[in-house]
file input_29.cif (mmCIF, C-alpha atoms)
data_final
#
loop_
_atom_site.label_atom_id
_atom_site.label_comp_id
_atom_site.auth_asym_id
_atom_site.auth_seq_id
_atom_site.Cartn_x
_atom_site.Cartn_y
_atom_site.Cartn_z
CA MET A 147 35.50 0.46 10.36
CA SER A 148 33.55 3.46 11.61
CA VAL A 149 32.47 6.42 9.50
CA SER A 150 33.12 8.88 12.33
CA THR A 151 35.94 9.81 14.69
CA PRO A 152 36.06 12.05 17.76
CA ARG A 153 38.14 14.59 15.80
CA SER A 154 35.78 14.69 12.84
CA PRO A 155 32.13 14.94 13.95
CA ILE A 156 29.72 14.16 11.14
CA GLN A 157 26.38 15.14 12.64
CA LYS A 158 24.45 18.23 11.58
CA SER A 159 24.97 21.23 13.78
CA GLY A 160 22.02 22.75 15.64
CA THR A 161 19.49 21.42 18.10
CA ALA A 162 16.83 20.02 15.75
CA ILE A 163 16.33 16.27 15.79
CA VAL A 164 17.08 14.66 12.43
CA GLY A 165 14.64 11.99 11.22
CA VAL A 166 15.32 10.05 8.00
CA ASP A 167 12.72 7.71 6.49
CA VAL A 168 13.82 5.32 3.75
CA HIS A 169 11.03 4.11 1.44
CA ALA A 170 11.35 1.23 -1.03
CA LEU A 171 9.01 -1.43 -2.41
CA HIS A 172 9.48 -5.17 -1.95
CA LYS A 173 11.98 -6.66 -4.44
CA SER A 174 14.10 -3.48 -4.47
CA ALA A 175 16.88 -4.91 -2.26
CA THR A 176 15.04 -3.85 0.90
CA MET A 177 16.96 -6.32 3.06
CA PHE A 178 20.20 -4.72 1.93
CA LEU A 179 18.73 -1.29 2.75
CA PHE A 180 17.91 -2.64 6.21
CA LYS A 181 21.49 -3.77 6.67
CA PHE A 182 23.09 -0.66 5.18
CA PHE A 183 21.03 1.98 6.98
CA GLY A 184 21.05 0.00 10.21
CA ARG A 185 24.85 0.01 10.22
CA LEU A 186 24.96 3.68 9.18
CA ALA A 187 22.56 4.61 11.98
CA LYS A 188 24.75 2.75 14.48
CA ASP A 189 27.88 4.54 13.24
CA LEU A 190 26.13 7.91 13.57
CA ASN A 191 24.48 7.11 16.91
CA TYR A 192 20.98 7.36 15.41
CA ASP A 193 18.11 5.33 16.79
CA PHE A 194 17.11 2.76 14.16
CA TYR A 195 13.51 1.64 13.68
CA SER A 196 12.56 -1.22 11.37
CA GLU A 197 10.00 -3.96 10.92
CA ASN A 198 13.01 -6.22 10.35
CA ASN A 199 14.52 -5.59 13.76
CA HIS A 200 14.13 -8.35 16.34
CA PRO A 201 11.68 -7.57 17.75
CA PRO A 202 10.19 -5.22 15.12
CA ASN A 203 10.08 -1.62 16.34
CA GLN A 204 9.19 0.46 13.28
CA ASP A 205 6.02 1.72 14.98
CA SER A 206 7.53 2.32 18.42
CA LEU A 207 8.78 5.88 17.89
CA ASP A 208 7.00 8.00 20.50
CA SER A 209 6.75 11.50 21.92
CA ASN A 210 9.61 10.86 24.35
CA ASN A 211 12.11 10.61 21.49
CA GLN A 212 15.07 12.94 21.96
CA LYS A 213 17.50 11.42 19.46
CA ASN A 214 18.16 11.49 15.76
CA PHE A 215 16.52 8.50 14.11
CA CYS A 216 16.24 6.51 10.91
CA ARG A 217 13.33 4.26 9.86
CA CYS A 218 14.06 1.66 7.19
CA PRO A 219 12.84 -0.03 5.10
CA ILE A 220 9.35 1.40 4.79
CA ARG A 221 7.97 -0.87 2.08
CA THR A 222 5.48 1.61 0.69
CA PHE A 223 5.75 5.08 -0.80
CA GLU A 224 3.06 6.30 1.60
CA THR A 225 4.77 8.56 4.12
CA LEU A 226 4.73 7.90 7.86
CA GLU A 227 4.04 10.49 10.50
CA THR A 228 6.08 11.20 13.61
CA PRO A 229 3.92 11.02 16.73
CA PHE A 230 5.28 14.23 18.24
CA GLU A 231 5.85 17.89 17.51
CA LEU A 232 9.54 18.33 18.26
CA PRO A 233 11.88 20.54 16.18
CA THR A 234 12.48 17.67 13.82
CA GLN A 235 14.22 17.91 10.45
CA ARG A 236 12.36 15.25 8.45
CA HIS A 237 13.94 13.90 5.29
CA LEU A 238 12.45 11.25 3.03
CA ILE A 239 14.55 8.95 0.85
CA PHE A 240 12.61 7.26 -1.97
CA HIS A 241 14.44 4.30 -3.50
CA THR A 242 12.77 3.13 -6.73
CA ARG A 243 13.23 0.18 -9.08
CA ASP A 244 11.95 -0.48 -12.59
CA PRO A 245 8.45 -1.94 -11.98
CA ARG A 246 8.93 -4.43 -14.82
CA ASP A 247 11.97 -5.92 -13.06
CA ILE A 248 10.09 -5.91 -9.74
CA LEU A 249 7.37 -8.10 -11.27
CA VAL A 250 9.92 -10.51 -12.74
CA SER A 251 11.66 -10.75 -9.37
CA GLN A 252 8.30 -11.34 -7.66
CA TYR A 253 7.59 -14.31 -9.91
CA PHE A 254 10.70 -16.19 -8.81
CA SER A 255 10.34 -15.10 -5.20
CA MET A 256 6.67 -16.01 -4.85
CA GLY A 257 6.99 -19.20 -6.88
CA TRP A 258 10.22 -20.65 -5.56
CA ILE A 259 12.53 -18.60 -3.34
CA HIS A 260 10.66 -16.82 -0.53
CA PRO A 261 10.03 -18.98 2.57
CA THR A 262 6.39 -20.01 2.83
CA LYS A 263 6.08 -21.39 6.35
CA GLY A 264 3.53 -19.45 8.36
CA THR A 265 2.66 -17.10 5.48
CA ASN A 266 -0.27 -16.70 3.08
CA LEU A 267 2.12 -17.63 0.29
CA GLU A 268 2.00 -21.28 1.34
CA LYS A 269 -1.42 -21.86 -0.24
CA ASN A 270 -0.64 -19.83 -3.39
CA ARG A 271 2.81 -21.12 -4.32
CA GLU A 272 1.62 -24.11 -6.34
CA SER A 273 -0.64 -21.92 -8.49
CA PHE A 274 2.24 -19.49 -9.14
CA GLN A 275 4.51 -22.35 -10.18
CA GLN A 276 1.95 -23.49 -12.71
CA MET A 277 2.02 -20.09 -14.43
CA SER A 278 4.59 -19.05 -16.98
CA ILE A 279 6.44 -15.88 -16.09
CA ASP A 280 4.45 -13.94 -18.70
CA GLU A 281 1.18 -15.28 -17.34
CA TYR A 282 2.18 -14.30 -13.80
CA VAL A 283 3.21 -10.75 -14.76
CA LEU A 284 0.03 -10.13 -16.78
CA HIS A 285 -2.07 -11.60 -13.97
CA GLN A 286 -0.45 -9.21 -11.50
CA ILE A 287 -1.13 -6.07 -13.52
CA LYS A 288 -4.76 -7.08 -14.07
CA SER A 289 -5.80 -8.80 -10.85
CA SER A 290 -3.47 -7.80 -8.02
CA SER A 291 -5.15 -6.43 -4.89
CA TRP A 292 -2.35 -3.84 -4.66
CA PRO A 293 -1.34 -3.11 -8.28
CA MET A 294 1.95 -1.50 -9.19
CA LEU A 295 0.33 1.75 -10.29
CA ASP A 296 -1.24 2.12 -6.86
CA LYS A 297 2.11 1.44 -5.21
CA PHE A 298 3.77 4.25 -7.17
CA GLN A 299 0.81 6.64 -6.98
CA PRO A 300 1.98 8.45 -3.80
CA LEU A 301 5.24 9.33 -5.59
CA LEU A 302 3.46 10.40 -8.76
CA GLU A 303 1.34 12.79 -6.73
CA ARG A 304 4.23 14.35 -4.78
CA GLY A 305 5.66 17.73 -5.65
CA SER A 306 9.40 18.27 -5.80
CA SER A 307 10.97 19.28 -2.48
CA PRO A 308 14.73 18.63 -2.86
CA GLU A 309 15.47 20.09 0.55
CA PHE A 310 13.35 17.42 2.23
CA GLU A 311 13.33 14.56 -0.29
CA THR A 312 15.94 12.44 -2.03
CA TYR A 313 15.17 10.14 -4.96
CA VAL A 314 17.59 7.30 -5.68
CA THR A 315 17.31 4.14 -7.73
CA TYR A 316 18.05 0.46 -7.32
CA GLU A 317 19.73 0.64 -10.72
CA THR A 318 22.30 3.18 -9.53
CA MET A 319 22.86 1.23 -6.33
CA VAL A 320 23.85 -1.98 -8.12
CA THR A 321 25.81 -0.42 -10.99
CA ASN A 322 27.48 2.57 -9.28
CA PHE A 323 27.23 2.00 -5.55
CA GLN A 324 29.55 4.83 -4.55
CA LYS A 325 27.40 7.34 -6.42
CA TRP A 326 24.27 5.96 -4.73
CA VAL A 327 25.91 6.32 -1.31
CA GLU A 328 26.87 9.92 -2.08
CA GLN A 329 23.20 10.59 -2.84
CA VAL A 330 21.81 9.10 0.41
CA LEU A 331 24.36 10.50 2.87
CA PRO A 332 23.49 14.25 2.88
CA PRO A 333 20.26 13.91 4.92
CA PHE A 334 22.38 12.43 7.73
CA GLY A 335 24.62 15.48 7.86
CA VAL A 336 27.87 13.68 7.05
CA ARG A 337 30.62 16.28 6.94
CA PHE A 338 32.76 14.68 4.21
CA PRO A 339 30.24 12.67 2.14
CA LYS A 340 32.57 11.79 -0.74
CA LEU A 341 35.21 10.40 1.61
CA VAL A 342 32.64 8.51 3.65
CA ALA A 343 31.02 7.20 0.45
CA LEU A 344 34.40 5.88 -0.66
CA LYS A 345 34.84 4.06 2.66
CA LEU A 346 31.34 2.61 2.49
CA ALA A 347 31.85 1.53 -1.12
CA TRP A 348 34.88 -0.42 0.07
CA ARG A 349 32.97 -1.89 3.02
CA TYR A 350 30.26 -3.23 0.70
CA ARG A 351 32.51 -3.90 -2.29
CA ASN A 352 31.34 -7.52 -2.67
CA GLU A 353 27.62 -6.88 -2.18
CA PHE A 354 26.72 -6.34 -5.83
CA ARG A 355 29.42 -8.37 -7.51
CA VAL A 356 27.87 -9.91 -10.61
CA THR A 357 27.72 -13.69 -10.58
CA ARG A 358 25.75 -16.20 -12.57
CA GLU A 359 22.03 -16.26 -11.93
CA SER A 360 20.91 -18.55 -9.13
CA MET A 361 17.66 -19.42 -7.37
CA SER A 362 18.54 -17.61 -4.16
CA HIS A 363 17.32 -14.50 -2.36
CA LYS A 364 19.82 -12.50 -4.42
CA ARG A 365 18.81 -14.21 -7.67
CA ARG A 366 19.58 -11.57 -10.28
CA ILE A 367 21.27 -8.25 -9.58
CA LEU A 368 21.68 -6.44 -12.89
CA PRO A 369 18.87 -4.16 -14.14
CA GLY A 370 16.83 -5.06 -17.20
CA ASP A 371 15.98 -8.65 -16.28
CA HIS A 372 12.53 -8.24 -17.82
CA ARG A 373 14.12 -7.92 -21.28
CA GLU A 374 15.58 -11.43 -20.96
CA LYS A 375 12.66 -13.13 -19.27
CA LEU A 376 9.52 -11.70 -20.89
CA LYS A 377 8.03 -11.89 -24.36
CA LYS A 378 8.05 -8.71 -26.40
CA SER A 379 4.24 -8.61 -26.35
CA THR A 380 4.28 -8.76 -22.54
CA ILE A 381 6.86 -5.98 -22.34
CA ASP A 382 4.80 -3.85 -24.72
CA GLU A 383 1.77 -4.28 -22.48
CA LEU A 384 3.80 -3.38 -19.39
CA ASN A 385 5.23 -0.33 -21.13
CA GLN A 386 1.76 0.88 -21.95
CA LYS A 387 0.41 0.14 -18.46
CA PHE A 388 3.34 1.74 -16.64
CA GLU A 389 4.09 4.57 -19.07
CA ILE A 390 3.65 7.30 -16.46
CA ILE A 391 5.98 5.51 -14.01
CA LEU A 392 8.60 4.67 -16.62
CA SER A 393 8.62 8.23 -17.90
CA ARG A 394 8.69 9.91 -14.50
CA PHE A 395 11.55 7.81 -13.12
CA GLY A 396 13.66 7.37 -16.24
CA TYR A 397 12.86 3.76 -17.15
CA LEU A 398 11.62 4.27 -20.72
CA SER A 399 14.72 2.92 -22.45
#

call {"tool": "encode", "arguments": {"input": "input_29.cif", "output": "structure tokens"}}
result
Amino acid sequence: MSVSTPRSPIQKSGTAIVGVDVHALHKSATMFLFKFFGRLAKDLNYDFYSENNHPPNQDSLDSNNQKNFCRCPIRTFETLETPFELPTQRHLIFHTRDPRDILVSQYFSMGWIHPTKGTNLEKNRESFQQMSIDEYVLHQIKSSSWPMLDKFQPLLERGSSPEFETYVTYETMVTNFQKWVEQVLPPFGVRFPKLVALKLAWRYRNEFRVTRESMSHKRRILPGDHREKLKKSTIDELNQKFEIILSRFGYLS
């Protein structure tokens, strides 16, 4: 299934090159974002740049570029620059997830799920497995070399520019995928976004189907996992530590 047809062009009119950067932190379904935006870019005839391509090409965009492009996933909220001064329409998509759920997901990923061969994780896995989930989460907020507050800081410092920025959430993606798609399509200039979103929702209809929890890469889909896994005292400490993030991005409940 393609989202475009010769009789119904879906690109933006005009001569400016369209560049869309998709930002999301680890443990926010970034591999799904890679798959989704990679397929979308192919359907729209965009160049697609990603560290997950084989070989990785996220940093290979150069001054000879003459095509619309998408870069995804950029696993930081720090923005990237384009290495040229063409008439480019830059749009940034920021995909956030509740930081408390990110930390819970990290615990299972670092301790059991994520492959270790050839990574720094290999020497740390045993120590993670010896921690309880509460101990791991509290250790991360106190001793991490790249703490969660620092990861979100670039977003907290940004002003609001709706014409050039789109904010979406992991929570919307997994509970109302069609709505999420409708939010991310406009930067790509899709002519009939609601119709295309409906088609894409059907294409990925099984992606976020809720099943029992399992120790796999897609371990737990539904939001709010921290409420089931963490002690109340741990959650209270996280709420205090992340208050500015939780408030800014609607995660206080």

call {"tool": "axis_aligned_box", "arguments": {"input": "input_29.cif", "around": "region 311-330 of chain A", "padding_each_side": "6 Å", "output": "lines of an AutoDock Vina configuration file"}}
result
center_x = 21.4
center_y = 6.3
center_z = -5.3
size_x = 28.2
size_y = 28.5
size_z = 23.4

call {"tool": "resolve_selection", "arguments": {"input": "input_29.cif", "expression": "the PyMOL selection byres ((chain A and resi 342-354) around 8)", "output": "PyMOL selection string"}}
result
chain A and resi 149+320-321+323-325+327-328+331+336+338-341+355-356+367

call {"tool": "closest_residue", "arguments": {"input": "input_29.cif", "among": "A:Ser379, A:Asn322, A:Gln275, A:Ser307", "to": "Leu238 (chain A)", "atoms": "only C-alpha atoms"}}
result
A:Ser307

call {"tool": "residues_around", "arguments": {"input": "input_29.cif", "residues": "Ile239 (chain A)", "least_positions_apart": "5", "cutoff": "9 Å", "atoms": "all atoms listed in the file", "output": "list in words"}}
result
Val166, Asp167, Val168, His169, Ala170, Phe310, Glu311, Thr312, Tyr313, Val314, Val330 and Pro333 of chain A

call {"tool": "atom_distance", "arguments": {"input": "input_29.cif", "atom1": "CA of Thr176 (chain A)", "atom2": "CA of Arg221 (chain A)"}}
result
7.8 Å

call {"tool": "closest_atom_pairs", "arguments": {"input": "input_29.cif", "of": "region 232-327 of chain A", "to": "region 388-392 of chain A", "cutoff": "10 Å", "atoms": "all atoms listed in the file", "output": "JSON lines"}}
result
{"residue": "A:Arg243", "atom": "CA", "partner": "A:Leu392", "partner_atom": "CA", "distance": 9.9}
{"residue": "A:Asp244", "atom": "CA", "partner": "A:Leu392", "partner_atom": "CA", "distance": 7.3}
{"residue": "A:Pro245", "atom": "CA", "partner": "A:Phe388", "partner_atom": "CA", "distance": 7.8}
{"residue": "A:Arg246", "atom": "CA", "partner": "A:Phe388", "partner_atom": "CA", "distance": 8.5}
{"residue": "A:Ile287", "atom": "CA", "partner": "A:Phe388", "partner_atom": "CA", "distance": 9.5}
{"residue": "A:Met294", "atom": "CA", "partner": "A:Phe388", "partner_atom": "CA", "distance": 8.2}
{"residue": "A:Leu295", "atom": "CA", "partner": "A:Phe388", "partner_atom": "CA", "distance": 7.0}
{"residue": "A:Phe298", "atom": "CA", "partner": "A:Ile391", "partner_atom": "CA", "distance": 7.3}
{"residue": "A:Gln299", "atom": "CA", "partner": "A:Ile391", "partner_atom": "CA", "distance": 8.8}
{"residue": "A:Leu301", "atom": "CA", "partner": "A:Ile391", "partner_atom": "CA", "distance": 9.3}
{"residue": "A:Leu302", "atom": "CA", "partner": "A:Ile391", "partner_atom": "CA", "distance": 7.6}

call {"tool": "decode", "arguments": {"input": "input_29.cif", "residues": "region 268-391 of chain A", "atoms": "C-alpha atoms", "output": "PDB file, in the first residue's frame"}}
result
ATOM      1  CA  GLU A 268      28.387  -6.378  28.810  1.00  0.00           C
ATOM      2  CA  LYS A 269      30.450  -5.472  31.878  1.00  0.00           C
ATOM      3  CA  ASN A 270      27.576  -3.695  33.668  1.00  0.00           C
ATOM      4  CA  ARG A 271      24.718  -6.155  33.186  1.00  0.00           C
ATOM      5  CA  GLU A 272      25.479  -8.298  36.225  1.00  0.00           C
ATOM      6  CA  SER A 273      25.508  -5.267  38.523  1.00  0.00           C
ATOM      7  CA  PHE A 274      22.152  -4.095  37.112  1.00  0.00           C
ATOM      8  CA  GLN A 275      20.642  -7.536  37.679  1.00  0.00           C
ATOM      9  CA  GLN A 276      21.683  -7.416  41.312  1.00  0.00           C
ATOM     10  CA  MET A 277      19.718  -4.196  41.858  1.00  0.00           C
ATOM     11  CA  SER A 278      16.013  -4.065  42.555  1.00  0.00           C
ATOM     12  CA  ILE A 279      14.071  -1.928  40.116  1.00  0.00           C
ATOM     13  CA  ASP A 280      13.704   0.805  42.754  1.00  0.00           C
ATOM     14  CA  GLU A 281      17.432   0.748  43.461  1.00  0.00           C
ATOM     15  CA  TYR A 282      18.201   1.017  39.749  1.00  0.00           C
ATOM     16  CA  VAL A 283      15.830   3.943  39.166  1.00  0.00           C
ATOM     17  CA  LEU A 284      17.113   5.886  42.185  1.00  0.00           C
ATOM     18  CA  HIS A 285      20.699   5.154  41.164  1.00  0.00           C
ATOM     19  CA  GLN A 286      20.006   6.561  37.695  1.00  0.00           C
ATOM     20  CA  ILE A 287      18.554   9.844  38.908  1.00  0.00           C
ATOM     21  CA  LYS A 288      21.449  10.361  41.322  1.00  0.00           C
ATOM     22  CA  SER A 289      24.488   8.958  39.516  1.00  0.00           C
ATOM     23  CA  SER A 290      23.824   8.780  35.782  1.00  0.00           C
ATOM     24  CA  SER A 291      26.409  10.475  33.554  1.00  0.00           C
ATOM     25  CA  TRP A 292      23.526  11.759  31.394  1.00  0.00           C
ATOM     26  CA  PRO A 293      20.600  12.286  33.806  1.00  0.00           C
ATOM     27  CA  MET A 294      17.025  12.553  32.635  1.00  0.00           C
ATOM     28  CA  LEU A 295      16.769  16.241  33.476  1.00  0.00           C
ATOM     29  CA  ASP A 296      19.716  16.954  31.202  1.00  0.00           C
ATOM     30  CA  LYS A 297      18.123  14.917  28.423  1.00  0.00           C
ATOM     31  CA  PHE A 298      14.934  16.999  28.587  1.00  0.00           C
ATOM     32  CA  GLN A 299      16.679  20.321  29.178  1.00  0.00           C
ATOM     33  CA  PRO A 300      16.884  21.319  25.474  1.00  0.00           C
ATOM     34  CA  LEU A 301      13.085  20.990  25.247  1.00  0.00           C
ATOM     35  CA  LEU A 302      12.515  22.874  28.487  1.00  0.00           C
ATOM     36  CA  GLU A 303      14.565  25.754  27.124  1.00  0.00           C
ATOM     37  CA  ARG A 304      12.827  25.936  23.735  1.00  0.00           C
ATOM     38  CA  GLY A 305      10.227  28.549  22.926  1.00  0.00           C
ATOM     39  CA  SER A 306       7.011  27.609  21.184  1.00  0.00           C
ATOM     40  CA  SER A 307       7.205  27.700  17.379  1.00  0.00           C
ATOM     41  CA  PRO A 308       4.205  25.671  16.133  1.00  0.00           C
ATOM     42  CA  GLU A 309       4.975  26.489  12.511  1.00  0.00           C
ATOM     43  CA  PHE A 310       8.349  24.741  12.767  1.00  0.00           C
ATOM     44  CA  GLU A 311       7.884  22.291  15.656  1.00  0.00           C
ATOM     45  CA  THR A 312       5.513  19.456  16.470  1.00  0.00           C
ATOM     46  CA  TYR A 313       5.258  17.838  19.904  1.00  0.00           C
ATOM     47  CA  VAL A 314       3.799  14.346  20.130  1.00  0.00           C
ATOM     48  CA  THR A 315       3.878  11.684  22.815  1.00  0.00           C
ATOM     49  CA  TYR A 316       4.593   7.985  23.076  1.00  0.00           C
ATOM     50  CA  GLU A 317       1.418   7.734  25.132  1.00  0.00           C
ATOM     51  CA  THR A 318      -0.763   8.997  22.277  1.00  0.00           C
ATOM     52  CA  MET A 319       1.056   6.766  19.812  1.00  0.00           C
ATOM     53  CA  VAL A 320       0.279   3.549  21.696  1.00  0.00           C
ATOM     54  CA  THR A 321      -3.261   4.422  22.814  1.00  0.00           C
ATOM     55  CA  ASN A 322      -4.574   6.410  19.822  1.00  0.00           C
ATOM     56  CA  PHE A 323      -2.242   5.718  16.921  1.00  0.00           C
ATOM     57  CA  GLN A 324      -4.402   7.360  14.266  1.00  0.00           C
ATOM     58  CA  LYS A 325      -4.419  10.632  16.201  1.00  0.00           C
ATOM     59  CA  TRP A 326      -0.630  10.455  16.574  1.00  0.00           C
ATOM     60  CA  VAL A 327      -0.241   9.914  12.824  1.00  0.00           C
ATOM     61  CA  GLU A 328      -2.480  12.899  12.099  1.00  0.00           C
ATOM     62  CA  GLN A 329      -0.147  14.990  14.266  1.00  0.00           C
ATOM     63  CA  VAL A 330       3.102  13.942  12.545  1.00  0.00           C
ATOM     64  CA  LEU A 331       1.951  14.070   8.916  1.00  0.00           C
ATOM     65  CA  PRO A 332       1.540  17.855   8.341  1.00  0.00           C
ATOM     66  CA  PRO A 333       5.295  18.646   8.192  1.00  0.00           C
ATOM     67  CA  PHE A 334       5.520  16.271   5.217  1.00  0.00           C
ATOM     68  CA  GLY A 335       2.899  18.199   3.274  1.00  0.00           C
ATOM     69  CA  VAL A 336       0.422  15.341   2.928  1.00  0.00           C
ATOM     70  CA  ARG A 337      -2.598  16.672   1.070  1.00  0.00           C
ATOM     71  CA  PHE A 338      -5.270  14.558   2.802  1.00  0.00           C
ATOM     72  CA  PRO A 339      -3.757  13.837   6.247  1.00  0.00           C
ATOM     73  CA  LYS A 340      -6.873  12.324   7.836  1.00  0.00           C
ATOM     74  CA  LEU A 341      -7.322   9.863   4.978  1.00  0.00           C
ATOM     75  CA  VAL A 342      -3.637   8.976   4.930  1.00  0.00           C
ATOM     76  CA  ALA A 343      -3.644   8.618   8.730  1.00  0.00           C
ATOM     77  CA  LEU A 344      -6.536   6.172   8.448  1.00  0.00           C
ATOM     78  CA  LYS A 345      -4.596   4.103   5.901  1.00  0.00           C
ATOM     79  CA  LEU A 346      -1.467   4.130   8.045  1.00  0.00           C
ATOM     80  CA  ALA A 347      -3.456   3.194  11.148  1.00  0.00           C
ATOM     81  CA  TRP A 348      -4.666   0.145   9.236  1.00  0.00           C
ATOM     82  CA  ARG A 349      -1.159  -0.667   8.004  1.00  0.00           C
ATOM     83  CA  TYR A 350       0.187  -0.694  11.577  1.00  0.00           C
ATOM     84  CA  ARG A 351      -2.986  -1.977  13.239  1.00  0.00           C
ATOM     85  CA  ASN A 352      -1.179  -4.816  15.045  1.00  0.00           C
ATOM     86  CA  GLU A 353       1.851  -2.824  16.182  1.00  0.00           C
ATOM     87  CA  PHE A 354       0.484  -1.730  19.558  1.00  0.00           C
ATOM     88  CA  ARG A 355      -1.948  -4.521  20.251  1.00  0.00           C
ATOM     89  CA  VAL A 356      -1.889  -5.127  23.997  1.00  0.00           C
ATOM     90  CA  THR A 357      -0.631  -8.542  25.019  1.00  0.00           C
ATOM     91  CA  ARG A 358       0.638  -9.951  28.274  1.00  0.00           C
ATOM     92  CA  GLU A 359       3.953  -8.612  29.467  1.00  0.00           C
ATOM     93  CA  SER A 360       7.004 -10.476  28.206  1.00  0.00           C
ATOM     94  CA  MET A 361      10.774 -10.131  28.449  1.00  0.00           C
ATOM     95  CA  SER A 362      11.225  -9.036  24.854  1.00  0.00           C
ATOM     96  CA  HIS A 363      12.225  -5.825  23.086  1.00  0.00           C
ATOM     97  CA  LYS A 364       8.550  -4.815  23.153  1.00  0.00           C
ATOM     98  CA  ARG A 365       8.155  -5.765  26.820  1.00  0.00           C
ATOM     99  CA  ARG A 366       5.385  -3.464  27.996  1.00  0.00           C
ATOM    100  CA  ILE A 367       3.423  -1.115  25.756  1.00  0.00           C
ATOM    101  CA  LEU A 368       0.817   0.618  27.896  1.00  0.00           C
ATOM    102  CA  PRO A 369       1.720   3.888  29.671  1.00  0.00           C
ATOM    103  CA  GLY A 370       2.000   4.070  33.447  1.00  0.00           C
ATOM    104  CA  ASP A 371       4.225   1.034  33.984  1.00  0.00           C
ATOM    105  CA  HIS A 372       6.042   2.855  36.787  1.00  0.00           C
ATOM    106  CA  ARG A 373       2.863   2.766  38.899  1.00  0.00           C
ATOM    107  CA  GLU A 374       2.903  -1.042  38.861  1.00  0.00           C
ATOM    108  CA  LYS A 375       6.632  -1.587  39.217  1.00  0.00           C
ATOM    109  CA  LEU A 376       7.851   1.050  41.681  1.00  0.00           C
ATOM    110  CA  LYS A 377       7.271   1.693  45.362  1.00  0.00           C
ATOM    111  CA  LYS A 378       5.238   4.755  46.254  1.00  0.00           C
ATOM    112  CA  SER A 379       8.272   6.320  47.953  1.00  0.00           C
ATOM    113  CA  THR A 380      10.289   5.900  44.743  1.00  0.00           C
ATOM    114  CA  ILE A 381       7.516   7.436  42.657  1.00  0.00           C
ATOM    115  CA  ASP A 382       7.271  10.357  45.073  1.00  0.00           C
ATOM    116  CA  GLU A 383      10.996  10.986  44.693  1.00  0.00           C
ATOM    117  CA  LEU A 384      10.738  10.814  40.904  1.00  0.00           C
ATOM    118  CA  ASN A 385       7.773  13.180  40.921  1.00  0.00           C
ATOM    119  CA  GLN A 386       9.750  15.698  42.913  1.00  0.00           C
ATOM    120  CA  LYS A 387      12.882  15.299  40.778  1.00  0.00           C
ATOM    121  CA  PHE A 388      11.029  15.507  37.461  1.00  0.00           C
ATOM    122  CA  GLU A 389       8.317  17.989  38.439  1.00  0.00           C
ATOM    123  CA  ILE A 390       9.234  20.485  35.722  1.00  0.00           C
ATOM    124  CA  ILE A 391       9.194  17.768  33.027  1.00  0.00           C
TER     125      ILE A 391
END
